[in-house]
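Asks: What follows is coords_10.txt; its format and atoms are compact mmCIF, C-alpha atoms.
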# COMPACT_ATOMS: atom_id res chain seq x y z
CA MET A 1 5.94 -21.57 -10.59
CA THR A 2 8.09 -23.42 -8.05
CA LEU A 3 7.01 -24.63 -4.63
CA ALA A 4 9.19 -21.99 -2.97
CA ILE A 5 7.49 -19.22 -4.92
CA ARG A 6 4.05 -20.65 -4.20
CA ALA A 7 4.91 -20.81 -0.52
CA MET A 8 6.01 -17.17 -0.53
CA ILE A 9 2.74 -16.13 -2.21
CA GLY A 10 0.78 -18.15 0.33
CA ARG A 11 2.53 -16.56 3.30
CA CYS A 12 2.22 -13.06 1.92
CA SER A 13 -1.09 -13.17 0.09
CA ALA A 14 -2.66 -10.88 2.66
CA ALA A 15 0.05 -8.31 1.97
CA ILE A 16 -0.19 -8.25 -1.82
CA ILE A 17 -1.93 -4.91 -1.50
CA VAL A 18 1.01 -2.61 -2.16
CA PRO A 19 1.86 0.49 -0.11
CA LEU A 20 3.58 3.27 -2.01
CA LEU A 21 6.01 4.31 0.69
CA LEU A 22 8.93 2.67 -1.08
CA LEU A 23 7.32 -0.80 -1.04
CA ALA A 24 8.76 -1.29 2.44
CA LEU A 25 5.79 -1.01 4.79
CA ALA A 26 4.10 -4.35 4.09
CA GLY A 27 5.67 -7.68 4.88
CA CYS A 28 5.55 -11.05 6.52
CA SER A 29 7.76 -10.68 9.60
CA ASN A 30 7.42 -8.93 12.92
CA ALA A 31 9.66 -6.63 14.91
CA PRO A 32 7.95 -6.57 18.33
CA GLY A 33 8.61 -3.86 20.83
CA GLU A 34 9.83 -1.17 18.45
CA GLU A 35 6.77 1.00 19.00
CA GLN A 36 6.93 1.04 22.82
CA ALA A 37 8.64 4.42 23.03
CA ALA A 38 6.60 6.02 20.25
CA PRO A 39 4.60 9.22 20.87
CA PRO A 40 0.81 8.94 21.12
CA PRO A 41 -0.74 7.85 17.80
CA ASN A 42 -2.08 10.54 15.50
CA PRO A 43 -2.42 9.16 11.93
CA LEU A 44 -3.52 11.55 9.22
CA LEU A 45 -7.31 11.93 9.47
CA TYR A 46 -9.26 14.49 7.47
CA GLU A 47 -12.77 15.88 7.55
CA ILE A 48 -14.38 16.61 4.19
CA ALA A 49 -16.97 19.37 4.26
CA SER A 50 -18.94 21.26 1.64
CA SER A 51 -18.32 24.93 0.99
CA ASP A 52 -20.97 25.83 3.61
CA GLY A 53 -19.24 23.71 6.25
CA ALA A 54 -21.58 20.69 6.22
CA VAL A 55 -19.63 17.49 6.87
CA GLU A 56 -19.74 15.18 3.85
CA GLY A 57 -17.26 12.47 4.87
CA TRP A 58 -13.76 11.68 6.12
CA MET A 59 -10.42 10.33 4.89
CA LEU A 60 -7.88 8.31 6.87
CA GLY A 61 -4.36 7.55 5.70
CA THR A 62 -3.70 3.88 6.35
CA ILE A 63 -0.74 1.56 6.59
CA HIS A 64 -1.17 -1.97 5.31
CA ALA A 65 1.01 -3.86 7.83
CA LEU A 66 2.03 -3.29 11.45
CA PRO A 67 3.91 -5.18 14.16
CA ASP A 68 1.86 -6.96 16.79
CA GLY A 69 0.68 -4.72 19.59
CA THR A 70 0.95 -1.43 17.70
CA GLU A 71 -1.58 1.03 19.15
CA TRP A 72 -2.93 3.26 16.37
CA GLN A 73 -6.59 3.82 17.22
CA THR A 74 -7.41 7.29 18.49
CA PRO A 75 -10.68 8.63 19.89
CA ALA A 76 -11.11 10.69 16.70
CA ILE A 77 -10.69 7.64 14.44
CA SER A 78 -13.14 5.65 16.54
CA ARG A 79 -15.66 8.50 16.44
CA VAL A 80 -15.38 8.95 12.69
CA ALA A 81 -15.69 5.21 12.05
CA GLY A 82 -18.84 5.21 14.14
CA ASP A 83 -20.32 8.22 12.37
CA ALA A 84 -19.53 7.08 8.81
CA ASP A 85 -22.33 5.47 6.81
CA PHE A 86 -19.95 3.25 4.83
CA LEU A 87 -16.26 2.47 4.37
CA VAL A 88 -14.24 2.92 1.18
CA VAL A 89 -10.95 0.99 0.82
CA GLU A 90 -8.58 0.00 -1.95
CA ILE A 91 -9.40 -3.72 -1.73
CA ALA A 92 -12.42 -5.01 0.16
CA ALA A 93 -11.60 -8.76 0.16
CA LEU A 94 -8.38 -8.57 2.16
CA ASP A 95 -9.43 -11.45 4.41
CA ASP A 96 -9.87 -13.74 1.41
CA GLY A 97 -6.17 -14.55 1.13
CA ASP A 98 -6.69 -17.52 -1.18
CA ARG A 99 -8.59 -15.40 -3.66
CA VAL A 100 -5.95 -12.67 -3.65
CA ALA A 101 -3.18 -15.25 -4.03
CA ARG A 102 -4.93 -16.85 -7.00
CA THR A 103 -5.29 -13.46 -8.65
CA PHE A 104 -1.63 -12.70 -8.04
CA SER A 105 -0.49 -16.07 -9.40
CA ALA A 106 -2.60 -15.77 -12.53
CA LEU A 107 -1.21 -12.33 -13.39
CA ALA A 108 2.36 -12.97 -12.28
CA ARG A 109 3.15 -15.98 -14.42
CA THR A 110 4.66 -16.00 -17.92
CA PRO A 111 6.63 -19.15 -18.85
CA GLY A 112 10.11 -18.91 -20.30
CA LEU A 113 11.32 -15.66 -18.77
CA PRO A 114 15.03 -15.05 -18.18
CA PRO A 115 16.51 -16.00 -14.79
CA LEU A 116 15.93 -13.24 -12.29
CA ASP A 117 19.60 -12.34 -11.93
CA ALA A 118 19.77 -11.77 -15.69
CA ARG A 119 17.21 -8.98 -15.30
CA LEU A 120 19.52 -7.00 -13.02
CA PRO A 121 22.78 -5.12 -13.57
CA ALA A 122 25.77 -7.31 -12.76
CA ASP A 123 26.74 -5.28 -9.69
CA LEU A 124 23.39 -6.05 -7.99
CA ARG A 125 23.46 -9.80 -8.54
CA PRO A 126 25.37 -10.54 -5.31
CA ARG A 127 22.76 -8.58 -3.35
CA LEU A 128 19.99 -10.52 -5.08
CA ALA A 129 21.68 -13.80 -4.23
CA ALA A 130 21.88 -12.78 -0.57
CA MET A 131 18.20 -11.79 -0.52
CA LEU A 132 17.12 -15.04 -2.14
CA GLU A 133 19.17 -17.02 0.36
CA ARG A 134 17.42 -15.23 3.22
CA GLY A 135 14.09 -16.02 1.58
CA GLY A 136 14.92 -19.66 0.88
CA MET A 137 14.71 -19.22 -2.89
CA ASP A 138 16.99 -19.03 -5.92
CA ALA A 139 17.02 -16.97 -9.11
CA VAL A 140 16.09 -19.92 -11.34
CA SER A 141 12.83 -20.29 -9.38
CA PHE A 142 11.63 -17.02 -10.91
CA THR A 143 11.93 -18.03 -14.57
CA ASP A 144 8.15 -17.92 -14.98
CA THR A 145 7.57 -15.01 -12.59
CA GLU A 146 7.16 -11.57 -14.16
CA THR A 147 9.56 -8.91 -13.00
CA TRP A 148 7.00 -6.74 -11.20
CA ALA A 149 5.78 -9.74 -9.19
CA ALA A 150 9.33 -10.78 -8.33
CA ALA A 151 10.05 -7.25 -7.11
CA LEU A 152 7.01 -7.24 -4.81
CA MET A 153 7.86 -10.66 -3.42
CA LEU A 154 11.49 -9.74 -2.82
CA ALA A 155 10.41 -6.59 -0.99
CA ARG A 156 8.74 -8.80 1.59
CA ILE A 157 11.77 -10.90 2.44
CA ASP A 158 13.24 -8.27 4.77
CA ALA A 159 10.10 -6.24 5.36
CA GLU A 160 8.58 -5.90 8.81
CA GLY A 161 5.07 -5.77 10.10
CA ASP A 162 2.17 -8.19 9.75
CA PRO A 163 -0.60 -7.49 7.19
CA ALA A 164 -3.04 -9.10 9.62
CA ASN A 165 -2.55 -5.94 11.70
CA GLY A 166 -3.13 -3.56 8.80
CA VAL A 167 -5.38 -0.58 9.44
CA ASP A 168 -7.56 -1.15 6.39
CA ARG A 169 -8.15 -4.76 7.48
CA ALA A 170 -9.17 -3.67 11.00
CA LEU A 171 -11.60 -1.11 9.61
CA ILE A 172 -13.10 -3.60 7.14
CA ARG A 173 -13.82 -5.98 10.01
CA SER A 174 -15.54 -3.21 11.97
CA PHE A 175 -18.08 -2.46 9.23
CA PRO A 176 -20.89 -4.72 7.98
CA SER A 177 -19.85 -6.34 4.69
CA ASP A 178 -22.58 -4.52 2.77
CA LYS A 179 -21.16 -1.20 4.00
CA VAL A 180 -17.68 -1.72 2.50
CA ARG A 181 -16.88 -0.48 -0.99
CA GLU A 182 -13.61 -0.78 -2.89
CA LEU A 183 -11.84 1.59 -5.25
CA GLU A 184 -9.81 -1.02 -7.15
CA GLY A 185 -10.01 -4.57 -5.90
CA ALA A 186 -7.09 -6.98 -5.96
CA ALA A 187 -7.34 -7.69 -9.69
CA GLY A 188 -7.51 -4.01 -10.56
CA GLN A 189 -4.59 -3.08 -8.36
CA LEU A 190 -2.32 -5.88 -9.51
CA ALA A 191 -3.20 -5.23 -13.14
CA ILE A 192 -1.52 -1.84 -12.79
CA PHE A 193 1.78 -3.60 -12.15
CA ASP A 194 1.11 -6.29 -14.71
CA THR A 195 0.73 -3.72 -17.49
CA LEU A 196 3.92 -1.80 -16.71
CA PRO A 197 6.52 -1.97 -19.49
CA GLU A 198 9.30 -4.44 -18.76
CA SER A 199 11.82 -1.62 -18.51
CA VAL A 200 9.76 0.00 -15.75
CA GLN A 201 9.30 -3.33 -13.98
CA ARG A 202 13.07 -3.72 -13.97
CA THR A 203 13.39 -0.26 -12.45
CA MET A 204 11.25 -1.56 -9.59
CA LEU A 205 13.41 -4.64 -9.26
CA VAL A 206 16.60 -2.60 -9.20
CA ALA A 207 15.16 -0.33 -6.50
CA VAL A 208 14.05 -3.23 -4.30
CA VAL A 209 17.32 -5.14 -4.55
CA GLY A 210 19.56 -2.08 -4.43
CA ASP A 211 17.80 -0.69 -1.37
CA ALA A 212 17.46 -3.93 0.58
CA GLU A 213 20.11 -3.11 3.17
CA ALA A 214 18.40 0.13 4.16
CA ALA A 215 14.85 -1.25 3.99
CA LYS A 216 14.45 -2.12 7.67
CA THR A 217 15.68 1.24 8.92
CA ARG A 218 13.55 3.11 6.41
CA ALA A 219 10.47 1.03 7.17
CA LEU A 220 10.77 1.78 10.89
CA GLN A 221 11.20 5.49 10.21
CA LEU A 222 8.20 5.59 7.90
CA ARG A 223 6.04 3.57 10.25
CA LYS A 224 6.79 6.03 13.04
CA ALA A 225 6.04 8.92 10.68
CA TRP A 226 2.71 7.32 9.78
CA LEU A 227 1.83 6.66 13.40
CA THR A 228 2.45 10.27 14.43
CA GLY A 229 1.02 11.86 11.27
CA ASP A 230 4.36 13.39 10.30
CA GLU A 231 3.22 14.68 6.92
CA THR A 232 6.59 16.21 6.04
CA THR A 233 8.43 12.90 6.38
CA LEU A 234 5.67 10.96 4.65
CA LEU A 235 5.58 13.37 1.74
CA ALA A 236 9.35 13.20 1.35
CA ALA A 237 9.18 9.40 1.25
CA GLY A 238 6.55 9.52 -1.45
CA THR A 239 8.68 11.76 -3.67
CA THR A 240 12.07 10.05 -3.33
CA GLY A 241 13.55 6.65 -4.08
CA ILE A 242 11.46 4.51 -6.39
CA MET A 243 8.84 7.25 -6.74
CA THR A 244 11.29 9.55 -8.54
CA ASP A 245 10.84 7.45 -11.67
CA PRO A 246 8.20 9.34 -13.71
CA ALA A 247 6.56 6.25 -15.19
CA LEU A 248 6.27 4.51 -11.83
CA ARG A 249 4.99 7.61 -10.08
CA GLU A 250 2.35 8.15 -12.76
CA ALA A 251 1.17 4.53 -12.74
CA LEU A 252 1.32 3.83 -9.02
CA LEU A 253 0.23 7.17 -7.59
CA VAL A 254 -0.90 9.98 -9.85
CA ALA A 255 -3.14 8.09 -12.28
CA ARG A 256 -4.73 6.12 -9.48
CA ASN A 257 -5.43 9.28 -7.52
CA ARG A 258 -7.19 10.78 -10.54
CA ARG A 259 -9.46 7.76 -10.82
CA TRP A 260 -10.12 7.64 -7.10
CA ASP A 261 -10.85 11.37 -6.95
CA ALA A 262 -13.64 10.95 -9.48
CA SER A 263 -15.10 7.96 -7.63
CA ILE A 264 -14.92 9.66 -4.23
CA ALA A 265 -16.48 12.85 -5.57
CA ALA A 266 -19.41 10.81 -6.88
CA MET A 267 -19.85 9.19 -3.46
CA LEU A 268 -19.70 12.54 -1.68
CA ALA A 269 -22.42 13.87 -3.97
CA GLN A 270 -24.80 11.39 -2.36
CA GLN A 271 -26.23 11.78 1.13
CA PRO A 272 -24.48 8.92 2.99
CA LYS A 273 -21.14 9.93 4.46
CA PRO A 274 -18.10 7.75 3.59
CA LEU A 275 -14.92 7.08 5.50
CA VAL A 276 -12.27 6.74 2.80
CA ALA A 277 -9.34 4.70 4.16
CA VAL A 278 -6.45 4.37 1.68
CA GLY A 279 -2.66 4.34 1.80
CA THR A 280 -1.36 7.57 3.28
CA ALA A 281 0.75 8.41 0.22
CA HIS A 282 -2.49 8.84 -1.74
CA LEU A 283 -3.76 11.62 0.50
CA ILE A 284 -0.88 14.07 0.68
CA GLY A 285 1.04 16.39 -1.59
CA PRO A 286 -0.01 18.30 -4.72
CA ASP A 287 -1.19 15.09 -6.43
CA GLY A 288 -2.98 13.78 -3.34
CA LEU A 289 -6.67 13.29 -2.77
CA ALA A 290 -6.86 16.09 -0.20
CA ALA A 291 -5.61 18.57 -2.80
CA SER A 292 -7.87 17.27 -5.57
CA LEU A 293 -10.95 17.44 -3.37
CA ARG A 294 -10.06 20.98 -2.34
CA ALA A 295 -9.84 21.83 -6.03
CA ARG A 296 -13.43 20.59 -6.35
CA GLY A 297 -14.51 23.11 -3.72
CA TYR A 298 -14.55 20.89 -0.63
CA ARG A 299 -13.07 21.98 2.67
CA VAL A 300 -10.56 19.31 3.66
CA THR A 301 -9.12 19.83 7.12
CA ARG A 302 -7.03 17.61 9.35
CA ILE A 303 -8.66 16.33 12.51
CA PRO A 304 -6.13 16.49 15.37
Go ahead and render the structure in this file as structure tokens.
Replies:
Amino acid sequence: MTLAIRAMIGRCSAAIIVPLLLLALAGCSNAPGEEQAAPPPNPLLYEIASSDGAVEGWMLGTIHALPDGTEWQTPAISRVAGDADFLVVEIAALDDGDRVARTFSALARTPGLPPLDARLPADLRPRLAAMLERGGMDAVSFTDTETWAAALMLARIDAEGDPANGVDRALIRSFPSDKVRELEGAAGQLAIFDTLPESVQRTMLVAVVGDAEAAKTRALQLRKAWLTGDETTLLAAGTTGIMTDPALREALLVARNRRWDASIAAMLAQQPKPLVAVGTAHLIGPDGLAASLRARGYRVTRIP
């Protein structure tokens, strides 16, 4: 693994946690001032109650990276965070960037792979070359980097927002460490990508490179949709683009939601009340956690 690749992993290790909204909402650069004219924040926040109306917990749809100065806290989120007995997130050790980077590096490396441009259709190779130039890298540098890892790293070259400002990270810091539980952990989450068939990994790579020119505009649109709780726009983003590939959708969204649903249901069966804070794409739509918990008999209602 070259020094350029190691440097990229080091800069972005806090953002290795992967949002599903087209892989465009986490990154290593900032776009200050874009949120100044935004409406008041109202991210998707849900109350989970039993069939008799007793509150059992809450769910908050998060975003894993934001520009500096983005105001997202609402009185309802602050109240729920104060009332919750513990926090549930995708990865608990987000502040341990070195540990996450080591995990990523260990899974991402396989010596003797083809050059990165050879894993793309010929018509996308000029776009890849332009991306790599912007990122200070070259295709040969990726000869021992698996395709899924290369796709995630490339997605961060033009991405906006700082993972240090991520909602999950802010919530983790507000809870005592013994009151934070994780659904996957960094190793578990990255293993999902690591076990994708090479053909599916290349589908990811094609989507990232082919969509690079529109990534900034889309990321801004989706960030505004997240901030205002625009469920229609968020749901559309989670069912288009890269998520139209059945294998990717199953691996990155649907299968994970099934596992998380079972874990969350077990937590809700106990007396302490959790605040479940996961990527917004996991909460909405027919495959989302809100729907699966309703199917279990819970009342899941949005808190305005």
Asks: So the first atom is atom CA of Ser292 of chain A and the second is atom CA of Arg181 of chain A; what is the distance between them in Å, to one decimal place?
Replies: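 Distance reported for this atom pair: 20.4 Å.
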Asks: Write out as a list in words the residues lying within 9 Å of Ala139 of chain A, counting all atoms listed in the file and excluding same-chain residues fewer than 4 positions away.
Replies: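 Those residues are Pro115, Leu116, Asp117, Ala118, Leu128, Ala129, Leu132 and Thr143 of chain A.
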Asks: Which residues come within 7 Å of Val100 of chain A, counting only C-alpha atoms, excluding same-chain residues fewer than 3 positions away, as a list of chain:residue names?
Replies: A:Ser13, A:Asp96, A:Gly97, A:Thr103, A:Phe104, A:Ala186
Asks: Looking at A:Asp162, A:Asp211, A:Asp144, A:Glu182, which one is nearest to Ala277 of chain A, with distances taken over all atoms listed in the file?
Replies: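 Checking each candidate against Ala277 of chain A, we get A:Glu182 as the closest.
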Asks: With only C-alpha atoms as the counted atoms, please give the residues lying no more than 10 Å from Leu275 of chain A, apart from itself and same-chain residues fewer than 3 positions off, as an mmCIF file with C-alpha atoms, keeping the file's coordinate frame.
Replies:
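Just written: selection.cif:
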data_model
loop_
_atom_site.group_PDB
_atom_site.id
_atom_site.type_symbol
_atom_site.label_atom_id
_atom_site.label_comp_id
_atom_site.auth_asym_id
_atom_site.auth_seq_id
_atom_site.Cartn_x
_atom_site.Cartn_y
_atom_site.Cartn_z
ATOM 1 C CA LEU A 45 -7.310 11.930 9.470
ATOM 2 C CA TYR A 46 -9.260 14.490 7.470
ATOM 3 C CA GLU A 47 -12.770 15.880 7.550
ATOM 4 C CA ILE A 48 -14.380 16.610 4.190
ATOM 5 C CA GLU A 56 -19.740 15.180 3.850
ATOM 6 C CA GLY A 57 -17.260 12.470 4.870
ATOM 7 C CA TRP A 58 -13.760 11.680 6.120
ATOM 8 C CA MET A 59 -10.420 10.330 4.890
ATOM 9 C CA LEU A 60 -7.880 8.310 6.870
ATOM 10 C CA ILE A 77 -10.690 7.640 14.440
ATOM 11 C CA VAL A 80 -15.380 8.950 12.690
ATOM 12 C CA ALA A 81 -15.690 5.210 12.050
ATOM 13 C CA GLY A 82 -18.840 5.210 14.140
ATOM 14 C CA ASP A 83 -20.320 8.220 12.370
ATOM 15 C CA ALA A 84 -19.530 7.080 8.810
ATOM 16 C CA ASP A 85 -22.330 5.470 6.810
ATOM 17 C CA PHE A 86 -19.950 3.250 4.830
ATOM 18 C CA LEU A 87 -16.260 2.470 4.370
ATOM 19 C CA VAL A 88 -14.240 2.920 1.180
ATOM 20 C CA VAL A 89 -10.950 0.990 0.820
ATOM 21 C CA LEU A 171 -11.600 -1.110 9.610
ATOM 22 C CA VAL A 180 -17.680 -1.720 2.500
ATOM 23 C CA VAL A 278 -6.450 4.370 1.680
#
Asks: When distances are computed from only C-alpha atoms, which of A:Glu198, A:Asp52, A:Asp158, A:Glu71 shows the smallest separation from Leu227 of chain A?
Replies: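 Ranking A:Glu198, A:Asp52, A:Asp158, A:Glu71 by distance to Leu227 of chain A, first place goes to A:Glu71.
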Asks: Select, from A:Gly185, A:Asp98, A:Ala108, A:Lys179, the residue with the minimum atom-to-atom distance to Ala149 of chain A, counting only C-alpha atoms.
Replies: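 Closest candidate: A:Ala108.
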Asks: Considering all atoms listed in the file, state which residue in the set A:Gly279, A:Pro75, A:Pro41, A:Gly210 is at the smallest distance from Arg127 of chain A.
Replies: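 Between A:Gly279, A:Pro75, A:Pro41, A:Gly210, the residue approaching Arg127 of chain A most closely is A:Gly210.
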Asks: Mind pulling up the distance from atom CA of Leu44 of chain A to atom CA of Leu293 of chain A?
Replies: 15.8 Å
Asks: Atom CA of Leu94 of chain A to atom CA of His282 of chain A: how many Å, to one decimal?
Replies: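 We find that atom CA of Leu94 of chain A and atom CA of His282 of chain A lie 18.8 Å from each other.
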Asks: Point out the residue among A:Leu190, A:Met153, A:Ile284, A:Ala295 with the least atom-to-atom distance to Ala236 of chain A, counting all atoms listed in the file.
Replies: A:Ile284
Asks: Smallest atom-to-atom distance to Pro39 of chain A: which of A:Thr195, A:Val55, A:Trp226, A:Thr217, using all atoms listed in the file?
Replies: A:Trp226
Asks: Listed atoms of segment 231-249 of chain A, axis-aligned box, 3 Å per side: centre and edge lengths to one decimal in Å, as lines of an AutoDock Vina configuration file?
Replies:
center_x = 8.4
center_y = 10.4
center_z = -4.1
size_x = 16.3
size_y = 17.7
size_z = 28.1
Asks: Select all residues near (-14.3, 20.6, -1.0) (cut-off 8 Å, inclusive, file coordinates), counting all atoms listed in the file, and output them as a ChimeraX atom specification.
Replies: /A:48-51,293-300
Asks: Write out as a list in words the residues lying within 10 Å of Ala212 of chain A, counting only C-alpha atoms and excluding same-chain residues fewer than 2 positions away.
Replies: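 Skipping anything fewer than 2 positions along the chain leaves Ala24, Arg127, Leu128, Ala130, Met131, Leu154, Ala155, Ile157, Asp158, Ala159, Val206, Ala207, Val208, Val209, Gly210, Ala214, Ala215, Lys216, Thr217 and Arg218 of chain A.
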Asks: Would you mind putting back all heavy atoms on segment 291-300 of chain A, then writing it out as a tab-separated table (two decimals), keeping the file's coordinate frame?
Replies:
chain	number	residue	atom	x	y	z
A	291	ALA	N	-5.74	17.43	-1.89
A	291	ALA	CA	-5.61	18.57	-2.80
A	291	ALA	C	-6.66	18.53	-3.90
A	291	ALA	O	-7.24	19.57	-4.27
A	291	ALA	CB	-4.20	18.59	-3.40
A	292	SER	N	-6.91	17.35	-4.46
A	292	SER	CA	-7.87	17.27	-5.57
A	292	SER	C	-9.29	17.56	-5.10
A	292	SER	O	-10.08	18.19	-5.82
A	292	SER	CB	-7.79	15.91	-6.25
A	292	SER	OG	-8.13	14.86	-5.36
A	293	LEU	N	-9.62	17.13	-3.88
A	293	LEU	CA	-10.95	17.44	-3.37
A	293	LEU	C	-11.09	18.92	-3.04
A	293	LEU	O	-12.16	19.52	-3.24
A	293	LEU	CB	-11.26	16.58	-2.14
A	293	LEU	CG	-11.50	15.10	-2.43
A	293	LEU	CD1	-11.67	14.33	-1.12
A	293	LEU	CD2	-12.74	14.91	-3.31
A	294	ARG	N	-10.02	19.53	-2.55
A	294	ARG	CA	-10.06	20.98	-2.34
A	294	ARG	C	-10.29	21.70	-3.66
A	294	ARG	O	-11.02	22.70	-3.72
A	294	ARG	CB	-8.77	21.44	-1.68
A	294	ARG	CG	-8.61	21.01	-0.23
A	294	ARG	CD	-7.37	21.60	0.42
A	294	ARG	NE	-7.17	21.11	1.77
A	294	ARG	CZ	-6.17	20.34	2.17
A	294	ARG	NH1	-5.21	20.01	1.29
A	294	ARG	NH2	-6.07	19.92	3.40
A	295	ALA	N	-9.66	21.21	-4.72
A	295	ALA	CA	-9.84	21.83	-6.03
A	295	ALA	C	-11.28	21.72	-6.51
A	295	ALA	O	-11.73	22.52	-7.33
A	295	ALA	CB	-8.90	21.19	-7.04
A	296	ARG	N	-12.01	20.74	-6.01
A	296	ARG	CA	-13.43	20.59	-6.35
A	296	ARG	C	-14.32	21.48	-5.49
A	296	ARG	O	-15.54	21.48	-5.66
A	296	ARG	CB	-13.85	19.13	-6.18
A	296	ARG	CG	-13.29	18.17	-7.23
A	296	ARG	CD	-13.77	16.75	-6.97
A	296	ARG	NE	-13.31	15.83	-7.98
A	296	ARG	CZ	-13.94	15.55	-9.11
A	296	ARG	NH1	-15.11	16.14	-9.36
A	296	ARG	NH2	-13.45	14.69	-9.98
A	297	GLY	N	-13.74	22.19	-4.55
A	297	GLY	CA	-14.51	23.11	-3.72
A	297	GLY	C	-14.82	22.60	-2.32
A	297	GLY	O	-15.48	23.30	-1.54
A	298	TYR	N	-14.33	21.40	-1.98
A	298	TYR	CA	-14.55	20.89	-0.63
A	298	TYR	C	-13.56	21.50	0.36
A	298	TYR	O	-12.44	21.85	-0.01
A	298	TYR	CB	-14.41	19.37	-0.61
A	298	TYR	CG	-15.53	18.63	-1.30
A	298	TYR	CD1	-15.37	18.17	-2.60
A	298	TYR	CD2	-16.74	18.40	-0.64
A	298	TYR	CE1	-16.40	17.48	-3.23
A	298	TYR	CE2	-17.77	17.72	-1.27
A	298	TYR	CZ	-17.61	17.27	-2.56
A	298	TYR	OH	-18.61	16.62	-3.20
A	299	ARG	N	-13.97	21.61	1.59
A	299	ARG	CA	-13.07	21.98	2.67
A	299	ARG	C	-12.50	20.69	3.27
A	299	ARG	O	-13.25	19.88	3.81
A	299	ARG	CB	-13.82	22.77	3.76
A	299	ARG	CG	-14.46	24.07	3.28
A	299	ARG	CD	-15.14	24.75	4.45
A	299	ARG	NE	-15.88	25.95	4.05
A	299	ARG	CZ	-16.60	26.70	4.88
A	299	ARG	NH1	-16.67	26.36	6.18
A	299	ARG	NH2	-17.23	27.77	4.46
A	300	VAL	N	-11.21	20.51	3.14
A	300	VAL	CA	-10.56	19.31	3.66
A	300	VAL	C	-9.62	19.75	4.76
A	300	VAL	O	-8.61	20.43	4.49
A	300	VAL	CB	-9.81	18.56	2.55
A	300	VAL	CG1	-9.18	17.28	3.11
A	300	VAL	CG2	-10.75	18.22	1.40
